[in-house]
Amino acid sequence: MLDASAIMLYFYGNEKLKEIIENSEVYVNSVNLTEFLYAYARAKGWKEGLFKYSIIRNSFKLIDVNKDDIITTSAKLKIRYNLSLGDSFLLASAKHVKGVAVTSDHELKDVKEVKVLVVSL
């Protein structure tokens with residue numbers, strides 16, 4: 001399950017993310033995809049942001065966060081670890097698909113309920 005930061009690193013040429021994406025079943029949720037679109041479009045322009053968004057939509061499995069288990073898990077994790085909404089949905093979505101949360105956020109490595117892979121910049 002990719003965080004917005006992981007998607008950004010991938011499009012900026014990070015070799016570790018390239019390896020993960022080429023060799024794994026890749027998921028992204030709608031919250032983190034929105035965060036990515038916002039950040040990338042802000043940095044590179046709306047047209048380029050939409051182009052990258054379409055690549056993601058056609059290449060990765062999109063997880064809709066409107067599922068009871070994702071919503072309740074996200075809320076519990078947000079309370080327990082004082083997370084941002086995007087981070088709590090990342091972790092809850094990773095748990096939902098029994099996957100790994102991939103991020104550049106080192107603070108998430110302390111989360112016990114979900115496996116987290118922190119990729120450096």
# chains A, B, ... in the order shown; residues from 1 in each chain; ligands from 1

call {"tool": "residues_around", "arguments": {"residues": "A:Lys98", "least_positions_apart": "2", "cutoff": "12 Å", "atoms": "only C-alpha atoms", "output": "list of chain:residue names"}}
result
A:Met1, A:Glu25, A:Tyr27, A:Ile70, A:Leu91, A:Ala92, A:Ser93, A:Ala94, A:Lys95, A:His96, A:Val100, A:Ala101, A:Glu113, A:Val114, A:Lys115, A:Val116

call {"tool": "closest_residue", "arguments": {"among": "A:Val102, A:Leu108, A:Leu33, A:Ile79", "to": "A:Ile56", "atoms": "only C-alpha atoms"}}
result
A:Leu33

call {"tool": "closest_residue", "arguments": {"among": "A:Phe11, A:Glu22, A:Asp69, A:Asn82", "to": "A:Glu48", "atoms": "only C-alpha atoms"}}
result
A:Phe11

call {"tool": "closest_residue", "arguments": {"among": "A:Val111, A:Leu121, A:Val65, A:Leu37", "to": "A:Ala6", "atoms": "only C-alpha atoms"}}
result
A:Leu121

call {"tool": "select_by_dssp", "arguments": {"residues": "chain A", "states": "helix (DSSP H, G or I)", "output": "PyMOL selection string"}}
result
chain A and resi 4-11+15-23+30-44+46-59+68-81+85-96+106-110

call {"tool": "write_last_selection", "arguments": {"atoms": "C-alpha atoms", "output": "PDB file, in the first residue's frame"}}
result
ATOM      1  CA  ALA A   4       1.610   9.705  -1.368  1.00  0.00           C
ATOM      2  CA  SER A   5       5.270  10.213  -0.453  1.00  0.00           C
ATOM      3  CA  ALA A   6       6.178   6.789  -1.856  1.00  0.00           C
ATOM      4  CA  ILE A   7       4.409   7.540  -5.135  1.00  0.00           C
ATOM      5  CA  MET A   8       6.241  10.869  -5.351  1.00  0.00           C
ATOM      6  CA  LEU A   9       9.575   9.103  -4.791  1.00  0.00           C
ATOM      7  CA  TYR A  10       8.720   6.586  -7.509  1.00  0.00           C
ATOM      8  CA  PHE A  11       8.001   9.300 -10.068  1.00  0.00           C
ATOM      9  CA  GLU A  15      15.316   2.871  -7.292  1.00  0.00           C
ATOM     10  CA  LYS A  16      13.900   1.128  -4.202  1.00  0.00           C
ATOM     11  CA  LEU A  17      10.349   2.207  -5.104  1.00  0.00           C
ATOM     12  CA  LYS A  18      10.885   1.180  -8.713  1.00  0.00           C
ATOM     13  CA  GLU A  19      11.926  -2.285  -7.531  1.00  0.00           C
ATOM     14  CA  ILE A  20       8.929  -2.572  -5.179  1.00  0.00           C
ATOM     15  CA  ILE A  21       6.439  -1.482  -7.834  1.00  0.00           C
ATOM     16  CA  GLU A  22       7.870  -3.728 -10.543  1.00  0.00           C
ATOM     17  CA  ASN A  23       7.909  -6.813  -8.289  1.00  0.00           C
ATOM     18  CA  SER A  30      -8.268   7.088  -2.547  1.00  0.00           C
ATOM     19  CA  VAL A  31      -7.083   9.357   0.306  1.00  0.00           C
ATOM     20  CA  ASN A  32      -3.377   8.878  -0.417  1.00  0.00           C
ATOM     21  CA  LEU A  33      -4.003   9.159  -4.157  1.00  0.00           C
ATOM     22  CA  THR A  34      -5.689  12.518  -3.542  1.00  0.00           C
ATOM     23  CA  GLU A  35      -2.696  13.620  -1.462  1.00  0.00           C
ATOM     24  CA  PHE A  36      -0.361  12.585  -4.278  1.00  0.00           C
ATOM     25  CA  LEU A  37      -2.369  14.408  -6.958  1.00  0.00           C
ATOM     26  CA  TYR A  38      -2.416  17.573  -4.872  1.00  0.00           C
ATOM     27  CA  ALA A  39       1.324  17.489  -4.116  1.00  0.00           C
ATOM     28  CA  TYR A  40       2.452  16.524  -7.613  1.00  0.00           C
ATOM     29  CA  ALA A  41       0.176  19.022  -9.364  1.00  0.00           C
ATOM     30  CA  ARG A  42       1.321  21.744  -7.002  1.00  0.00           C
ATOM     31  CA  ALA A  43       4.965  20.980  -7.827  1.00  0.00           C
ATOM     32  CA  LYS A  44       4.683  20.190 -11.546  1.00  0.00           C
ATOM     33  CA  TRP A  46      -2.177  20.404 -12.975  1.00  0.00           C
ATOM     34  CA  LYS A  47      -1.788  18.819 -16.425  1.00  0.00           C
ATOM     35  CA  GLU A  48       1.292  16.821 -15.373  1.00  0.00           C
ATOM     36  CA  GLY A  49      -0.415  15.866 -12.101  1.00  0.00           C
ATOM     37  CA  LEU A  50      -3.432  14.482 -13.954  1.00  0.00           C
ATOM     38  CA  PHE A  51      -1.143  12.575 -16.300  1.00  0.00           C
ATOM     39  CA  LYS A  52       0.627  10.855 -13.394  1.00  0.00           C
ATOM     40  CA  TYR A  53      -2.745  10.272 -11.687  1.00  0.00           C
ATOM     41  CA  SER A  54      -3.989   8.431 -14.789  1.00  0.00           C
ATOM     42  CA  ILE A  55      -0.866   6.250 -14.777  1.00  0.00           C
ATOM     43  CA  ILE A  56      -1.544   5.292 -11.161  1.00  0.00           C
ATOM     44  CA  ARG A  57      -5.243   4.608 -11.794  1.00  0.00           C
ATOM     45  CA  ASN A  58      -4.377   2.317 -14.690  1.00  0.00           C
ATOM     46  CA  SER A  59      -1.432   0.565 -13.020  1.00  0.00           C
ATOM     47  CA  ASP A  68     -16.324  -0.214   7.808  1.00  0.00           C
ATOM     48  CA  ASP A  69     -13.134  -2.053   8.755  1.00  0.00           C
ATOM     49  CA  ILE A  70     -10.916   0.578   7.120  1.00  0.00           C
ATOM     50  CA  ILE A  71     -12.841   3.464   8.693  1.00  0.00           C
ATOM     51  CA  THR A  72     -12.819   2.011  12.209  1.00  0.00           C
ATOM     52  CA  THR A  73      -9.202   0.850  12.024  1.00  0.00           C
ATOM     53  CA  SER A  74      -8.162   4.255  10.700  1.00  0.00           C
ATOM     54  CA  ALA A  75      -9.892   6.016  13.595  1.00  0.00           C
ATOM     55  CA  LYS A  76      -8.319   3.682  16.181  1.00  0.00           C
ATOM     56  CA  LEU A  77      -4.833   4.173  14.724  1.00  0.00           C
ATOM     57  CA  LYS A  78      -5.316   7.943  14.528  1.00  0.00           C
ATOM     58  CA  ILE A  79      -6.248   8.017  18.225  1.00  0.00           C
ATOM     59  CA  ARG A  80      -3.472   5.663  19.351  1.00  0.00           C
ATOM     60  CA  TYR A  81      -0.607   7.239  17.391  1.00  0.00           C
ATOM     61  CA  LEU A  85      -5.791  11.322   8.388  1.00  0.00           C
ATOM     62  CA  GLY A  86      -3.743  10.285   5.353  1.00  0.00           C
ATOM     63  CA  ASP A  87      -1.359   8.195   7.462  1.00  0.00           C
ATOM     64  CA  SER A  88      -4.161   6.532   9.414  1.00  0.00           C
ATOM     65  CA  PHE A  89      -5.943   5.569   6.176  1.00  0.00           C
ATOM     66  CA  LEU A  90      -2.658   4.313   4.690  1.00  0.00           C
ATOM     67  CA  LEU A  91      -2.132   1.968   7.630  1.00  0.00           C
ATOM     68  CA  ALA A  92      -5.764   0.851   7.834  1.00  0.00           C
ATOM     69  CA  SER A  93      -5.824   0.141   4.100  1.00  0.00           C
ATOM     70  CA  ALA A  94      -2.580  -1.845   4.309  1.00  0.00           C
ATOM     71  CA  LYS A  95      -4.082  -3.891   7.129  1.00  0.00           C
ATOM     72  CA  HIS A  96      -7.274  -4.407   5.074  1.00  0.00           C
ATOM     73  CA  HIS A 106       9.953   7.569   9.617  1.00  0.00           C
ATOM     74  CA  GLU A 107       7.415   8.189  12.408  1.00  0.00           C
ATOM     75  CA  LEU A 108       5.258   5.324  11.110  1.00  0.00           C
ATOM     76  CA  LYS A 109       7.925   2.695  11.829  1.00  0.00           C
ATOM     77  CA  ASP A 110       6.753   2.591  15.454  1.00  0.00           C
TER      78      ASP A 110
END

call {"tool": "atom_distance", "arguments": {"atom1": "atom CA of A:Phe60", "atom2": "atom CA of A:Ser120"}}
result
21.5 Å

call {"tool": "closest_residue", "arguments": {"among": "A:Gly99, A:Lys112, A:Asn66, A:Ser104", "to": "A:Ser24", "atoms": "only C-alpha atoms"}}
result
A:Gly99

call {"tool": "select_by_dssp", "arguments": {"residues": "chain A", "states": "strand (DSSP E or B)", "output": "VMD selection string"}}
result
chain A and resid 2 27 to 29 61 to 63 100 to 103 115 to 118

call {"tool": "atom_distance", "arguments": {"atom1": "atom CA of A:Leu83", "atom2": "atom CA of A:Gly45"}}
result
28.3 Å

call {"tool": "closest_residue", "arguments": {"among": "A:Tyr12, A:Asp64, A:Val118, A:Asn29", "to": "A:Thr103", "atoms": "only C-alpha atoms"}}
result
A:Val118
